[in-house]
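Student: Input upload10.cif, format and content: mmCIF, C-alpha atoms.
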data_model
#
loop_
_atom_site.group_PDB
_atom_site.id
_atom_site.type_symbol
_atom_site.label_atom_id
_atom_site.label_comp_id
_atom_site.auth_asym_id
_atom_site.auth_seq_id
_atom_site.Cartn_x
_atom_site.Cartn_y
_atom_site.Cartn_z
ATOM 1 C CA MET G 2 144.791 -188.930 -165.807
ATOM 2 C CA ILE G 3 141.610 -189.316 -167.863
ATOM 3 C CA ARG G 4 142.132 -188.974 -171.609
ATOM 4 C CA ILE G 5 139.332 -187.221 -173.499
ATOM 5 C CA SER G 6 138.543 -186.181 -177.058
ATOM 6 C CA ILE G 7 136.117 -183.381 -177.873
ATOM 7 C CA ILE G 8 134.120 -183.512 -181.097
ATOM 8 C CA GLY G 9 132.895 -180.085 -182.180
ATOM 9 C CA SER G 10 134.087 -176.503 -182.461
ATOM 10 C CA GLY G 11 131.114 -174.368 -181.375
ATOM 11 C CA ASN G 12 130.534 -172.379 -178.181
ATOM 12 C CA VAL G 13 130.172 -175.356 -175.846
ATOM 13 C CA ALA G 14 133.164 -177.176 -177.324
ATOM 14 C CA GLN G 15 135.372 -174.101 -177.056
ATOM 15 C CA HIS G 16 134.408 -173.415 -173.446
ATOM 16 C CA LEU G 17 135.006 -177.070 -172.529
ATOM 17 C CA ILE G 18 138.434 -176.977 -174.161
ATOM 18 C CA LYS G 19 139.343 -173.910 -172.102
ATOM 19 C CA ALA G 20 138.091 -175.525 -168.881
ATOM 20 C CA PHE G 21 139.803 -178.881 -169.436
ATOM 21 C CA SER G 22 143.046 -177.180 -170.420
ATOM 22 C CA LYS G 23 143.262 -175.908 -166.831
ATOM 23 C CA SER G 24 142.510 -179.297 -165.257
ATOM 24 C CA GLU G 25 145.296 -181.475 -163.878
ATOM 25 C CA ALA G 26 143.053 -184.563 -163.892
ATOM 26 C CA VAL G 27 142.188 -184.530 -167.585
ATOM 27 C CA GLU G 28 144.245 -184.649 -170.766
ATOM 28 C CA ILE G 29 142.765 -183.487 -174.063
ATOM 29 C CA VAL G 30 144.002 -186.098 -176.527
ATOM 30 C CA GLN G 31 142.338 -184.647 -179.612
ATOM 31 C CA VAL G 32 139.696 -182.218 -180.806
ATOM 32 C CA PHE G 33 137.647 -182.854 -183.933
ATOM 33 C CA SER G 34 136.737 -179.865 -186.105
ATOM 34 C CA ARG G 35 135.814 -179.655 -189.782
ATOM 35 C CA LYS G 36 137.809 -176.432 -189.897
ATOM 36 C CA LYS G 37 141.041 -176.759 -187.942
ATOM 37 C CA GLU G 38 141.526 -172.992 -187.872
ATOM 38 C CA ALA G 39 138.438 -172.604 -185.663
ATOM 39 C CA LEU G 40 140.287 -174.108 -182.690
ATOM 40 C CA ALA G 41 143.897 -173.221 -183.475
ATOM 41 C CA SER G 42 143.995 -170.581 -180.740
ATOM 42 C CA LEU G 43 142.792 -173.015 -178.056
ATOM 43 C CA VAL G 44 144.725 -176.231 -178.605
ATOM 44 C CA SER G 45 147.932 -177.235 -180.360
ATOM 45 C CA PHE G 46 147.391 -177.701 -184.091
ATOM 46 C CA GLU G 47 148.636 -181.300 -184.134
ATOM 47 C CA LYS G 48 145.826 -182.305 -181.760
ATOM 48 C CA ILE G 49 143.117 -181.032 -184.114
ATOM 49 C CA VAL G 50 141.727 -183.564 -186.604
ATOM 50 C CA ASN G 51 139.049 -183.283 -189.273
ATOM 51 C CA ASP G 52 138.722 -186.963 -190.143
ATOM 52 C CA PHE G 53 136.893 -189.382 -187.840
ATOM 53 C CA ASP G 54 139.296 -192.163 -188.803
ATOM 54 C CA SER G 55 142.102 -190.110 -187.256
ATOM 55 C CA LEU G 56 140.594 -190.242 -183.772
ATOM 56 C CA LEU G 57 142.929 -191.942 -181.300
ATOM 57 C CA GLU G 58 141.864 -194.080 -178.365
ATOM 58 C CA ALA G 59 140.581 -192.106 -175.383
ATOM 59 C CA ASP G 60 138.705 -192.804 -172.150
ATOM 60 C CA LEU G 61 135.882 -190.453 -173.101
ATOM 61 C CA TYR G 62 134.569 -188.847 -176.281
ATOM 62 C CA ILE G 63 132.467 -185.720 -175.812
ATOM 63 C CA ILE G 64 130.213 -184.784 -178.743
ATOM 64 C CA ALA G 65 129.583 -181.039 -178.487
ATOM 65 C CA VAL G 66 127.605 -180.268 -181.641
ATOM 66 C CA SER G 67 124.091 -179.005 -182.436
ATOM 67 C CA ASP G 68 121.277 -181.294 -181.288
ATOM 68 C CA ASN G 69 120.237 -182.299 -184.797
ATOM 69 C CA ALA G 70 123.793 -183.434 -185.618
ATOM 70 C CA ILE G 71 124.430 -185.640 -182.558
ATOM 71 C CA SER G 72 122.937 -188.825 -183.985
ATOM 72 C CA GLU G 73 124.772 -188.626 -187.312
ATOM 73 C CA VAL G 74 128.106 -187.765 -185.685
ATOM 74 C CA SER G 75 127.822 -190.700 -183.258
ATOM 75 C CA LYS G 76 127.125 -193.054 -186.178
ATOM 76 C CA GLN G 77 130.298 -191.913 -187.962
ATOM 77 C CA LEU G 78 132.606 -192.749 -185.077
ATOM 78 C CA PRO G 79 134.851 -195.610 -186.311
ATOM 79 C CA PHE G 80 135.024 -197.604 -183.072
ATOM 80 C CA GLN G 81 132.859 -199.574 -180.646
ATOM 81 C CA ASN G 82 132.369 -200.094 -176.915
ATOM 82 C CA ARG G 83 133.908 -196.796 -175.857
ATOM 83 C CA VAL G 84 132.283 -194.106 -173.712
ATOM 84 C CA VAL G 85 130.613 -191.507 -175.942
ATOM 85 C CA VAL G 86 128.542 -188.658 -174.511
ATOM 86 C CA HIS G 87 126.740 -185.593 -175.805
ATOM 87 C CA THR G 88 126.351 -182.177 -174.154
ATOM 88 C CA SER G 89 122.717 -181.438 -175.014
ATOM 89 C CA GLY G 90 120.051 -180.503 -172.500
ATOM 90 C CA ALA G 91 117.179 -181.413 -174.813
ATOM 91 C CA ALA G 92 118.366 -184.643 -176.478
ATOM 92 C CA SER G 93 117.927 -188.001 -174.760
ATOM 93 C CA LEU G 94 120.571 -190.639 -174.208
ATOM 94 C CA ASP G 95 119.074 -192.679 -177.029
ATOM 95 C CA VAL G 96 120.089 -190.305 -179.847
ATOM 96 C CA LEU G 97 123.610 -191.724 -179.544
ATOM 97 C CA ASP G 98 124.494 -194.762 -181.635
ATOM 98 C CA ALA G 99 124.223 -198.033 -179.693
ATOM 99 C CA LYS G 100 127.605 -199.358 -180.855
ATOM 100 C CA ASN G 101 129.248 -197.375 -178.038
ATOM 101 C CA ARG G 102 128.505 -196.928 -174.325
ATOM 102 C CA LYS G 103 126.266 -193.887 -174.085
ATOM 103 C CA GLY G 104 126.145 -190.975 -171.699
ATOM 104 C CA VAL G 105 125.345 -187.296 -171.251
ATOM 105 C CA PHE G 106 127.706 -184.549 -170.054
ATOM 106 C CA TYR G 107 125.453 -181.475 -169.905
ATOM 107 C CA PRO G 108 126.792 -178.171 -168.555
ATOM 108 C CA LEU G 109 123.717 -176.156 -167.594
ATOM 109 C CA GLN G 110 124.799 -172.673 -168.579
ATOM 110 C CA THR G 111 124.437 -170.160 -171.387
ATOM 111 C CA PHE G 112 127.583 -169.883 -173.486
ATOM 112 C CA SER G 113 128.524 -166.960 -175.714
ATOM 113 C CA LYS G 114 131.651 -166.378 -177.740
ATOM 114 C CA ASN G 115 134.235 -164.109 -176.134
ATOM 115 C CA LYS G 116 132.380 -164.226 -172.788
ATOM 116 C CA GLU G 117 134.378 -166.106 -170.167
ATOM 117 C CA VAL G 118 132.545 -168.273 -167.632
ATOM 118 C CA ASP G 119 133.587 -169.701 -164.276
ATOM 119 C CA PHE G 120 133.188 -173.439 -164.869
ATOM 120 C CA SER G 121 133.647 -174.201 -161.178
ATOM 121 C CA THR G 122 130.120 -172.889 -160.522
ATOM 122 C CA ILE G 123 128.407 -174.472 -163.534
ATOM 123 C CA PRO G 124 126.070 -177.405 -162.731
ATOM 124 C CA MET G 125 127.198 -180.511 -164.613
ATOM 125 C CA CYS G 126 124.272 -182.863 -165.281
ATOM 126 C CA LEU G 127 125.448 -186.423 -165.907
ATOM 127 C CA GLU G 128 123.859 -189.624 -167.164
ATOM 128 C CA ALA G 129 125.343 -192.992 -168.112
ATOM 129 C CA GLU G 130 124.156 -196.520 -168.828
ATOM 130 C CA ASN G 131 126.174 -198.111 -166.026
ATOM 131 C CA THR G 132 127.842 -197.194 -162.742
ATOM 132 C CA PHE G 133 131.423 -197.546 -163.992
ATOM 133 C CA ASP G 134 130.918 -195.132 -166.891
ATOM 134 C CA TYR G 135 129.084 -192.716 -164.598
ATOM 135 C CA ARG G 136 132.094 -192.646 -162.282
ATOM 136 C CA VAL G 137 134.309 -191.714 -165.226
ATOM 137 C CA LEU G 138 131.959 -188.861 -166.147
ATOM 138 C CA GLU G 139 131.795 -187.795 -162.508
ATOM 139 C CA SER G 140 135.586 -187.638 -162.222
ATOM 140 C CA VAL G 141 135.836 -185.582 -165.403
ATOM 141 C CA ALA G 142 133.042 -183.244 -164.309
ATOM 142 C CA LYS G 143 134.520 -182.729 -160.835
ATOM 143 C CA SER G 144 137.852 -181.774 -162.395
ATOM 144 C CA ILE G 145 136.233 -178.566 -163.696
ATOM 145 C CA SER G 146 133.095 -178.018 -161.586
ATOM 146 C CA GLN G 147 132.057 -178.073 -157.944
ATOM 147 C CA ALA G 148 128.406 -178.763 -158.829
ATOM 148 C CA VAL G 149 127.845 -182.250 -160.247
ATOM 149 C CA TYR G 150 124.430 -183.946 -160.421
ATOM 150 C CA PRO G 151 123.100 -187.321 -161.619
ATOM 151 C CA ILE G 152 120.223 -186.320 -163.926
ATOM 152 C CA ASN G 153 118.301 -188.750 -166.154
ATOM 153 C CA SER G 154 116.963 -187.894 -169.613
ATOM 154 C CA ASN G 155 113.467 -186.983 -168.412
ATOM 155 C CA GLN G 156 114.791 -184.788 -165.602
ATOM 156 C CA ARG G 157 117.210 -183.113 -167.995
ATOM 157 C CA LYS G 158 114.344 -182.314 -170.363
ATOM 158 C CA ALA G 159 112.510 -180.641 -167.459
ATOM 159 C CA LEU G 160 115.636 -178.674 -166.568
ATOM 160 C CA HIS G 161 116.112 -177.574 -170.162
ATOM 161 C CA VAL G 162 112.529 -176.298 -170.458
ATOM 162 C CA ALA G 163 112.869 -174.508 -167.116
ATOM 163 C CA ALA G 164 116.161 -173.012 -168.302
ATOM 164 C CA VAL G 165 114.458 -171.575 -171.385
ATOM 165 C CA PHE G 166 112.034 -169.732 -169.098
ATOM 166 C CA VAL G 167 114.624 -168.372 -166.670
ATOM 167 C CA ASN G 168 117.284 -167.590 -169.270
ATOM 168 C CA ASN G 169 116.144 -167.288 -172.896
ATOM 169 C CA PHE G 170 112.726 -165.798 -172.200
ATOM 170 C CA THR G 171 114.108 -163.517 -169.491
ATOM 171 C CA ASN G 172 116.772 -162.224 -171.863
ATOM 172 C CA HIS G 173 114.080 -161.560 -174.469
ATOM 173 C CA LEU G 174 112.228 -159.480 -171.888
ATOM 174 C CA TYR G 175 115.438 -157.479 -171.425
ATOM 175 C CA LEU G 176 115.332 -156.835 -175.182
ATOM 176 C CA ILE G 177 111.732 -155.613 -174.995
ATOM 177 C CA GLY G 178 112.627 -153.340 -172.079
ATOM 178 C CA GLN G 179 115.557 -151.986 -174.083
ATOM 179 C CA GLU G 180 113.290 -151.344 -177.085
ATOM 180 C CA ILE G 181 110.790 -149.437 -174.926
ATOM 181 C CA CYS G 182 113.599 -147.325 -173.468
ATOM 182 C CA LYS G 183 115.058 -146.627 -176.894
ATOM 183 C CA GLU G 184 111.661 -145.664 -178.326
ATOM 184 C CA HIS G 185 111.238 -143.065 -175.610
ATOM 185 C CA GLN G 186 114.884 -141.950 -175.450
ATOM 186 C CA VAL G 187 115.592 -143.318 -171.978
ATOM 187 C CA PRO G 188 119.019 -144.925 -171.245
ATOM 188 C CA PHE G 189 118.640 -148.686 -170.775
ATOM 189 C CA GLU G 190 121.494 -148.480 -168.228
ATOM 190 C CA VAL G 191 118.999 -146.984 -165.758
ATOM 191 C CA LEU G 192 117.358 -150.421 -165.509
ATOM 192 C CA LYS G 193 120.550 -152.441 -164.941
ATOM 193 C CA PRO G 194 120.684 -152.072 -161.118
ATOM 194 C CA LEU G 195 117.076 -153.301 -160.988
ATOM 195 C CA ILE G 196 117.925 -156.287 -163.215
ATOM 196 C CA GLN G 197 120.896 -157.178 -161.021
ATOM 197 C CA GLU G 198 118.939 -156.859 -157.777
ATOM 198 C CA THR G 199 116.144 -159.050 -159.172
ATOM 199 C CA ALA G 200 118.648 -161.744 -160.150
ATOM 200 C CA GLN G 201 120.432 -161.600 -156.777
ATOM 201 C CA LYS G 202 117.198 -161.968 -154.809
ATOM 202 C CA ILE G 203 116.898 -165.585 -155.943
ATOM 203 C CA ASN G 204 119.868 -166.424 -153.713
ATOM 204 C CA THR G 205 117.875 -165.626 -150.573
ATOM 205 C CA LEU G 206 114.195 -165.688 -151.566
ATOM 206 C CA ALA G 207 111.919 -168.158 -153.339
ATOM 207 C CA PRO G 208 110.561 -166.760 -156.636
ATOM 208 C CA ALA G 209 107.044 -166.532 -155.223
ATOM 209 C CA ASP G 210 108.305 -164.503 -152.263
ATOM 210 C CA ALA G 211 110.402 -162.185 -154.453
ATOM 211 C CA GLN G 212 107.532 -161.287 -156.796
ATOM 212 C CA THR G 213 106.506 -157.621 -156.764
ATOM 213 C CA GLY G 214 104.772 -155.226 -159.159
ATOM 214 C CA PRO G 215 101.280 -154.213 -160.263
ATOM 215 C CA ALA G 216 100.244 -157.751 -161.290
ATOM 216 C CA LYS G 217 101.145 -159.104 -157.842
ATOM 217 C CA ARG G 218 99.216 -156.227 -156.192
ATOM 218 C CA LYS G 219 96.336 -156.636 -158.664
ATOM 219 C CA ASP G 220 96.686 -152.918 -159.378
ATOM 220 C CA SER G 221 94.267 -152.754 -162.310
ATOM 221 C CA THR G 222 94.645 -148.970 -162.732
ATOM 222 C CA THR G 223 98.411 -149.232 -163.361
ATOM 223 C CA ILE G 224 98.012 -152.335 -165.516
ATOM 224 C CA GLU G 225 95.494 -150.632 -167.790
ATOM 225 C CA ALA G 226 97.681 -147.520 -167.981
ATOM 226 C CA HIS G 227 100.670 -149.648 -169.046
ATOM 227 C CA LEU G 228 98.655 -151.456 -171.709
ATOM 228 C CA GLU G 229 97.372 -148.167 -173.079
ATOM 229 C CA TYR G 230 100.913 -146.755 -173.136
ATOM 230 C CA LEU G 231 102.478 -149.667 -175.031
ATOM 231 C CA THR G 232 102.486 -149.032 -178.779
ATOM 232 C CA HIS G 233 103.296 -152.536 -180.076
ATOM 233 C CA GLU G 234 100.667 -155.292 -180.070
ATOM 234 C CA ASN G 235 103.269 -157.984 -179.354
ATOM 235 C CA GLN G 236 104.418 -156.140 -176.235
ATOM 236 C CA LYS G 237 100.804 -155.769 -175.077
ATOM 237 C CA ASN G 238 100.106 -159.486 -175.548
ATOM 238 C CA ILE G 239 103.214 -160.508 -173.608
ATOM 239 C CA TYR G 240 102.331 -158.035 -170.835
ATOM 240 C CA LYS G 241 98.793 -159.488 -170.593
ATOM 241 C CA ILE G 242 99.948 -163.132 -170.516
ATOM 242 C CA LEU G 243 102.595 -162.515 -167.863
ATOM 243 C CA THR G 244 100.201 -160.424 -165.775
ATOM 244 C CA GLN G 245 97.609 -163.210 -165.839
ATOM 245 C CA SER G 246 100.241 -165.834 -165.004
ATOM 246 C CA ILE G 247 101.492 -163.836 -162.008
ATOM 247 C CA GLN G 248 97.948 -163.311 -160.742
ATOM 248 C CA HIS G 249 97.313 -167.058 -161.002
ATOM 249 C CA ASN G 250 100.638 -167.854 -159.268
ATOM 250 C CA GLY G 251 102.001 -169.520 -162.393
ATOM 251 C CA LYS G 252 99.157 -172.066 -162.572
ATOM 252 C CA LYS G 253 97.186 -172.854 -165.721
ATOM 253 C CA LEU G 254 95.158 -169.892 -166.938
#
Step by step, read the file and then write its structure as structure tokens.
Tutor:
Amino acid sequence: MIRISIIGSGNVAQHLIKAFSKSEAVEIVQVFSRKKEALASLVSFEKIVNDFDSLLEADLYIIAVSDNAISEVSKQLPFQNRVVVHTSGAASLDVLDAKNRKGVFYPLQTFSKNKEVDFSTIPMCLEAENTFDYRVLESVAKSISQAVYPINSNQRKALHVAAVFVNNFTNHLYLIGQEICKEHQVPFEVLKPLIQETAQKINTLAPADAQTGPAKRKDSTTIEAHLEYLTHENQKNIYKILTQSIQHNGKKL
């Protein structure tokens, strides 16, 4: 059984704790949290520490904190030559302190509090400095996920940028759609079947093949009517940029 310690108490840390708690191949030795109460409902209280010097020996230490805190946290670890990884999609391997063997354990998914996820379907993107440490990460990842990939720092950066487009930006477009509906007293729920069908299409069609709408058809009459109808300048600008991008097949404008 692989012994792990998780450092952090945010969304990613909490979801990892839940996933590993169900694994028969992994034992959570300890969890580090500045506020023990934050994790009291997920792990036994005696396993929660708030002092780095209290960290026991483990096979793997997973730093699940905000990107700008990774470097400082890794420097404070009071040991050397152990396997220490972070969970960031944007940070490189090199942000970790060199006194330990470095790696990345990146679950490519959006995590929200009180929203359960099926970890078995989440892609786990792994990176390590040597083959032995990678195998440890691979074993840990496969204990909770069926989708495990070797991804280097540059590839992970590409994935993270792509994820912002398909997740964060898409969700923001949902917000704009909701605002338009609310402004004109239309239930946003009417759009939900369309949203779901659009998302499901990606399982059988390439994005280029799934594209529909007035921009794809170059229907200038409808496009102009939409722009005239929109009352907020920000919405108009986003509509124009996306329309141009679709008409240029996503290439540089």
Student: Report as a list in words the residues that result from applying the PyMOL selection byres ((chain G and resi 97) around 10) to the structure here.
Tutor: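 In the shown coordinates, the PyMOL selection byres ((chain G and resi 97) around 10) covers Ile64, Ile71, Ser72, Glu73, Val74, Ser75, Lys76, Val85, Val86, His87, Ala92, Ser93, Leu94, Asp95, Val96, Asp98, Ala99, Lys100, Asn101, Arg102, Lys103, Gly104 and Val105 of chain G.
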Student: For Val118 (chain G), which residue out of G:Thr132, G:Ser146, G:Lys217, G:Thr223 is the nearest one, using all atoms listed in the file?
Tutor: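 Selected residue with least distance to Val118 (chain G): G:Ser146.
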Student: Compare G:Glu130, G:Glu58, G:Glu190, G:Glu25 by their minimum atom-to-atom distance to Arg83 (chain G), counting all atoms listed in the file, and give me the closest one.
Tutor: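 Closest to Arg83 (chain G) of all the choices is G:Glu58.
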Student: Quick check, in Å to one decimal: how far apart do CA of Lys158 (chain G) and CA of Thr111 (chain G) lie?
Tutor: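 Pair CA of Lys158 (chain G) / CA of Thr111 (chain G) returns 15.8 Å.
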Student: Given the point (101.0, -159.7, -161.4) in the coordinates of this file, which residues lie within 6 Å, counting only C-alpha atoms, and how would they look as a short mmCIF file (atom, residue, chain, number, x, y, z; two decimals) with C-alpha atoms, keeping the file's coordinate frame?
Tutor:
data_model
loop_
_atom_site.label_atom_id
_atom_site.label_comp_id
_atom_site.auth_asym_id
_atom_site.auth_seq_id
_atom_site.Cartn_x
_atom_site.Cartn_y
_atom_site.Cartn_z
CA PRO G 215 101.28 -154.21 -160.26
CA ALA G 216 100.24 -157.75 -161.29
CA LYS G 217 101.14 -159.10 -157.84
CA THR G 244 100.20 -160.42 -165.78
CA ILE G 247 101.49 -163.84 -162.01
CA GLN G 248 97.95 -163.31 -160.74
#
Student: The PyMOL selection byres ((chain G and resi 13) around 9) - which residues does that actually catch in the file I just gave you? List them as a ChimeraX atom specification.
Tutor: /G:9-12,14-18,65-66,88,108,111-113
Student: Taking only C-alpha atoms into account, which of G:Ser45, G:Ser67, G:Ser140, G:Thr171 comes nearest Leu243 (chain G)?
Tutor: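 Of G:Ser45, G:Ser67, G:Ser140, G:Thr171, the one nearest Leu243 (chain G) is G:Thr171, counting only C-alpha atoms.
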Student: Tell me, in Å to one decimal, how far CA of Ala148 (chain G) is from CA of Val167 (chain G).
Tutor: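 So the answer is 19.0 Å.
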Student: Starting from the incomplete input, reconstruct all heavy atoms of region 48-58 of chain G and report them as a tab-separated table (two decimals), keeping the file's coordinate frame.
Tutor:
chain	number	residue	atom	x	y	z
G	48	LYS	N	146.89	-181.57	-182.45
G	48	LYS	CA	145.83	-182.30	-181.76
G	48	LYS	C	144.47	-182.14	-182.44
G	48	LYS	O	143.50	-182.80	-182.04
G	48	LYS	CB	145.72	-181.84	-180.30
G	48	LYS	CG	146.86	-182.32	-179.41
G	48	LYS	CD	146.57	-182.03	-177.96
G	48	LYS	CE	147.64	-182.63	-177.05
G	48	LYS	NZ	147.33	-182.43	-175.61
G	49	ILE	N	144.38	-181.28	-183.43
G	49	ILE	CA	143.12	-181.03	-184.11
G	49	ILE	C	143.02	-181.93	-185.34
G	49	ILE	O	143.92	-181.94	-186.19
G	49	ILE	CB	142.99	-179.56	-184.54
G	49	ILE	CG1	143.23	-178.63	-183.34
G	49	ILE	CG2	141.61	-179.29	-185.15
G	49	ILE	CD1	143.29	-177.16	-183.70
G	50	VAL	N	141.94	-182.68	-185.45
G	50	VAL	CA	141.73	-183.56	-186.60
G	50	VAL	C	140.40	-183.22	-187.26
G	50	VAL	O	139.48	-182.70	-186.62
G	50	VAL	CB	141.74	-185.05	-186.19
G	50	VAL	CG1	143.10	-185.42	-185.62
G	50	VAL	CG2	140.64	-185.36	-185.18
G	51	ASN	N	140.31	-183.51	-188.55
G	51	ASN	CA	139.05	-183.28	-189.27
G	51	ASN	C	138.57	-184.53	-190.00
G	51	ASN	O	137.75	-184.47	-190.90
G	51	ASN	CB	139.19	-182.12	-190.26
G	51	ASN	CG	140.33	-182.31	-191.24
G	51	ASN	OD1	140.90	-183.41	-191.34
G	51	ASN	ND2	140.67	-181.26	-191.97
G	52	ASP	N	139.10	-185.67	-189.57
G	52	ASP	CA	138.72	-186.96	-190.14
G	52	ASP	C	138.44	-187.92	-188.98
G	52	ASP	O	139.30	-188.13	-188.12
G	52	ASP	CB	139.87	-187.48	-191.01
G	52	ASP	CG	139.54	-188.82	-191.67
G	52	ASP	OD1	138.47	-189.38	-191.37
G	52	ASP	OD2	140.37	-189.30	-192.47
G	53	PHE	N	137.26	-188.49	-188.95
G	53	PHE	CA	136.89	-189.38	-187.84
G	53	PHE	C	137.85	-190.56	-187.72
G	53	PHE	O	138.11	-191.06	-186.62
G	53	PHE	CB	135.46	-189.89	-188.01
G	53	PHE	CG	134.41	-188.85	-187.73
G	53	PHE	CD1	133.59	-188.37	-188.73
G	53	PHE	CD2	134.24	-188.34	-186.45
G	53	PHE	CE1	132.63	-187.41	-188.47
G	53	PHE	CE2	133.28	-187.37	-186.17
G	53	PHE	CZ	132.48	-186.90	-187.19
G	54	ASP	N	138.38	-191.03	-188.83
G	54	ASP	CA	139.30	-192.16	-188.80
G	54	ASP	C	140.61	-191.82	-188.12
G	54	ASP	O	141.40	-192.71	-187.80
G	54	ASP	CB	139.57	-192.67	-190.23
G	54	ASP	CG	138.36	-193.36	-190.83
G	54	ASP	OD1	137.59	-193.98	-190.06
G	54	ASP	OD2	138.16	-193.28	-192.05
G	55	SER	N	140.86	-190.53	-187.90
G	55	SER	CA	142.10	-190.11	-187.26
G	55	SER	C	141.98	-190.03	-185.74
G	55	SER	O	142.96	-189.74	-185.05
G	55	SER	CB	142.53	-188.73	-187.80
G	55	SER	OG	142.78	-188.80	-189.19
G	56	LEU	N	140.79	-190.31	-185.22
G	56	LEU	CA	140.59	-190.24	-183.77
G	56	LEU	C	141.35	-191.36	-183.06
G	56	LEU	O	141.22	-192.53	-183.39
G	56	LEU	CB	139.10	-190.34	-183.43
G	56	LEU	CG	138.26	-189.11	-183.77
G	56	LEU	CD1	136.78	-189.42	-183.60
G	56	LEU	CD2	138.65	-187.92	-182.88
G	57	LEU	N	142.16	-190.99	-182.08
G	57	LEU	CA	142.93	-191.94	-181.30
G	57	LEU	C	142.08	-192.48	-180.15
G	57	LEU	O	141.00	-191.96	-179.84
G	57	LEU	CB	144.19	-191.27	-180.76
G	57	LEU	CG	145.14	-190.68	-181.79
G	57	LEU	CD1	146.27	-189.92	-181.09
G	57	LEU	CD2	145.71	-191.77	-182.69
G	58	GLU	N	142.60	-193.51	-179.49
G	58	GLU	CA	141.86	-194.08	-178.36
G	58	GLU	C	141.88	-193.11	-177.18
G	58	GLU	O	142.90	-192.50	-176.85
G	58	GLU	CB	142.48	-195.42	-177.95
G	58	GLU	CG	141.68	-196.12	-176.87
G	58	GLU	CD	142.14	-197.53	-176.61
G	58	GLU	OE1	143.02	-198.03	-177.34
G	58	GLU	OE2	141.60	-198.15	-175.65
